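A.B. asks: my_file_13.cif is the file, holding mmCIF, C-alpha atoms:
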```cif
data_query
loop_
_atom_site.label_atom_id
_atom_site.label_comp_id
_atom_site.auth_asym_id
_atom_site.auth_seq_id
_atom_site.Cartn_x
_atom_site.Cartn_y
_atom_site.Cartn_z
CA MET A 674 0.00 0.00 0.00
CA ALA A 675 2.80 2.46 0.79
CA VAL A 676 4.27 2.14 -2.71
CA MET A 677 1.20 3.83 -4.24
CA ALA A 678 1.78 7.00 -2.17
CA ALA A 679 5.58 7.09 -2.49
CA GLY A 680 6.98 10.50 -3.33
CA LYS A 681 3.89 12.42 -2.26
CA LYS A 682 4.34 15.66 -0.32
CA VAL A 683 2.70 15.96 3.11
CA LEU A 684 2.55 19.02 5.37
CA ILE A 685 1.96 18.45 9.09
CA VAL A 686 0.58 21.53 10.86
CA ASP A 687 0.53 21.27 14.67
CA ASP A 688 1.86 23.52 17.41
CA ASP A 689 2.84 20.50 19.53
CA PRO A 690 6.32 19.28 18.47
CA ALA A 691 5.60 15.86 20.00
CA ILE A 692 2.57 15.40 17.71
CA CYS A 693 4.65 16.46 14.71
CA ASP A 694 7.33 13.93 15.67
CA VAL A 695 4.80 11.11 16.12
CA LEU A 696 3.19 11.86 12.76
CA ARG A 697 6.55 12.17 10.99
CA HIS A 698 7.74 8.89 12.51
CA THR A 699 4.46 7.15 11.65
CA LEU A 700 4.61 8.21 8.00
CA LYS A 701 8.35 7.96 7.32
CA ALA A 702 8.20 4.32 6.21
CA ASP A 703 5.86 5.31 3.36
CA ASP A 704 8.53 7.21 1.41
CA LEU A 705 6.67 10.51 1.71
CA THR A 706 8.27 13.96 1.64
CA ILE A 707 7.21 15.46 4.97
CA SER A 708 7.33 19.11 6.04
CA THR A 709 6.10 20.56 9.33
CA CYS A 710 5.05 23.92 10.73
CA GLU A 711 3.42 25.21 13.90
CA THR A 712 1.14 28.12 12.96
CA GLY A 713 -1.75 28.86 10.66
CA ARG A 714 0.05 31.76 9.00
CA GLU A 715 3.10 29.63 8.24
CA ALA A 716 0.86 26.82 6.95
CA SER A 717 -1.02 29.24 4.67
CA ALA A 718 2.23 30.54 3.18
CA LEU A 719 3.67 27.05 2.68
CA ILE A 720 0.47 25.76 1.07
CA ARG A 721 0.31 28.75 -1.29
CA ASP A 722 4.02 28.46 -2.20
CA GLY A 723 4.39 24.69 -2.34
CA LYS A 724 2.52 21.85 -3.93
CA PHE A 725 1.38 19.52 -1.16
CA ASP A 726 -0.65 16.42 -1.87
CA LEU A 727 -1.93 16.32 1.71
CA VAL A 728 -2.08 18.61 4.74
CA LEU A 729 -2.62 17.15 8.22
CA LEU A 730 -4.09 20.21 9.92
CA ASP A 731 -4.61 20.73 13.64
CA VAL A 732 -7.63 22.82 14.59
CA GLY A 733 -6.11 24.42 17.71
CA LEU A 734 -3.23 26.49 16.37
CA PRO A 735 -1.80 29.37 18.40
CA ASP A 736 -2.47 32.17 15.91
CA MET A 737 -5.66 31.08 14.16
CA SER A 738 -7.99 28.14 13.86
CA GLY A 739 -6.96 25.38 11.52
CA LEU A 740 -10.56 25.55 10.26
CA ASP A 741 -9.89 29.12 9.12
CA VAL A 742 -6.83 27.90 7.21
CA LEU A 743 -9.04 25.21 5.68
CA ALA A 744 -11.71 27.80 4.77
CA GLN A 745 -9.08 29.88 2.95
CA LEU A 746 -7.22 27.06 1.22
CA GLY A 747 -9.52 24.03 1.18
CA GLY A 748 -10.09 24.43 -2.52
CA THR A 749 -6.38 24.36 -3.40
CA GLU A 750 -6.10 22.23 -6.49
CA GLY A 751 -4.43 18.87 -5.90
CA THR A 752 -4.24 19.29 -2.10
CA LYS A 753 -6.35 17.29 0.32
CA PHE A 754 -6.78 18.13 4.00
CA ILE A 755 -7.22 15.86 7.00
CA VAL A 756 -8.26 17.75 10.13
CA VAL A 757 -6.68 16.58 13.38
CA THR A 758 -8.54 17.73 16.47
CA ALA A 759 -9.22 17.16 20.14
CA ASP A 760 -12.48 19.09 19.64
CA SER A 761 -14.91 16.52 18.33
CA THR A 762 -18.04 18.60 18.79
CA PRO A 763 -20.58 18.24 15.98
CA GLU A 764 -20.06 21.91 15.03
CA THR A 765 -16.31 21.45 14.52
CA LEU A 766 -16.68 18.24 12.54
CA THR A 767 -19.49 19.66 10.41
CA ARG A 768 -17.44 22.76 9.61
CA ALA A 769 -14.42 20.62 8.68
CA VAL A 770 -16.53 18.71 6.18
CA ARG A 771 -18.20 21.90 4.89
CA GLU A 772 -14.77 23.47 4.34
CA ARG A 773 -13.78 20.48 2.16
CA ALA A 774 -11.72 18.35 4.54
CA TYR A 775 -11.13 14.89 3.13
CA ASP A 776 -11.61 13.48 6.64
CA TYR A 777 -10.85 14.17 10.28
CA VAL A 778 -9.06 12.37 13.10
CA ARG A 779 -9.76 12.82 16.79
CA LYS A 780 -6.90 13.21 19.26
CA PRO A 781 -5.63 11.07 20.81
CA PHE A 782 -5.16 8.85 17.78
CA GLU A 783 -3.49 5.55 17.04
CA PRO A 784 -0.53 5.78 14.63
CA LYS A 785 -1.95 2.89 12.59
CA GLN A 786 -5.20 4.83 12.12
CA ILE A 787 -3.30 7.86 10.79
CA ARG A 788 -1.16 5.78 8.46
CA GLU A 789 -4.16 3.98 6.97
CA LEU A 790 -6.11 7.23 6.54
CA VAL A 791 -3.16 8.99 4.89
CA GLN A 792 -2.64 6.10 2.48
CA SER A 793 -6.35 6.04 1.66
CA CYS A 794 -6.38 9.79 1.08
CA LEU A 795 -3.25 9.83 -1.08
CA THR A 796 -4.46 7.01 -3.29
CA ALA A 797 -8.06 8.26 -3.64
CA ARG A 798 -9.32 10.15 -6.64
CA PRO A 799 -9.03 13.93 -6.48
CA MET A 800 -11.91 15.72 -4.79
CA PRO A 801 -14.25 17.55 -7.18
CA PRO A 802 -14.04 21.36 -7.20
#
```
Re-express the file's structure as structure tokens.
C.D. replies:
Amino acid sequence: MAVMAAGKKVLIVDDDPAICDVLRHTLKADDLTISTCETGREASALIRDGKFDLVLLDVGLPDMSGLDVLAQLGGTEGTKFIVVTADSTPETLTRAVRERAYDYVRKPFEPKQIRELVQSCLTARPMPP
């Protein structure tokens, strides 16, 4: 399964370095190019400047909501978003879907769950505009 996603570019956006490390470690065996950042502003700039196949986006960023980043950039051609959140209220999850998230993951998560979801996302057909 990992071979199908090899070479894809993934951006991990989380203000917790431990979460970034866990996600990087979980995905490193899949031959993905992984970048990380800690703020919404930095994520927005990186997404606009770089071509990412997938963004793992935390909702609770220090400078702005990850959902606001998603609202601004969710329609970026060729880029899918998976929302990572400890806030699993219906309002947050509904907004994530409305803003074109491919899926969402609740914290705490199992590394296997993330790996399977990332592989599924990266091998799925592009989302319609």
A.B. asks: Tell me, as number ranges by chain, which residues lie within 6 Å of Thr752 of chain A, counting all atoms listed in the file; anything in the same chain fewer than 6 positions away does not count.
C.D. replies: A: 725-727
A.B. asks: What would the file look like if the residues just selected were written as a PDB file, in the coordinates of the input with C-alpha atoms?
C.D. replies:
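Listed below is the output, part_29.pdb:
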```
ATOM      1  CA  PHE A 725       1.380  19.520  -1.160  1.00  0.00           C
ATOM      2  CA  ASP A 726      -0.650  16.420  -1.870  1.00  0.00           C
ATOM      3  CA  LEU A 727      -1.930  16.320   1.710  1.00  0.00           C
TER       4      LEU A 727
END
```
A.B. asks: List every residue of segment 728-793 of chain A that has an atom at most 6 Å from any atom of segment 699-716 of chain A, and for each one report the closest atom pair and its distance in Å to one decimal, counting all atoms listed in the file, with rows sorted by chain and then by increasing residue number, as CSV.
C.D. replies:
```
residue,atom,partner,partner_atom,distance
A:Leu734,CA,A:Thr712,CA,5.8
A:Met737,CA,A:Gly713,CA,5.7
A:Pro784,CA,A:Thr699,CA,6.0
```
A.B. asks: Please expand the PyMOL selection byres ((chain A and resi 794) around 12) into the concrete residues it hits in this file, giving the result as an NGL selection string.
C.D. replies: :A and (674-675 or 677-678 or 681 or 683 or 726-729 or 751-755 or 774-777 or 787-793 or 795-800)
A.B. asks: Return the single residue from A:Leu743, A:Gly748, A:Asp731, A:Asp736 that is closest to Arg779 of chain A, with distances computed using all atoms listed in the file.
C.D. replies: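 With all atoms listed in the file as the atom set, the closest residue is A:Asp731.
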A.B. asks: Find the residue from A:Ala769, A:Ile685, A:Val757, A:Val778 that sits nearest to Gly733 of chain A; use all atoms listed in the file when measuring.
C.D. replies: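 Checking each candidate against Gly733 of chain A, we get A:Val757 as the closest.
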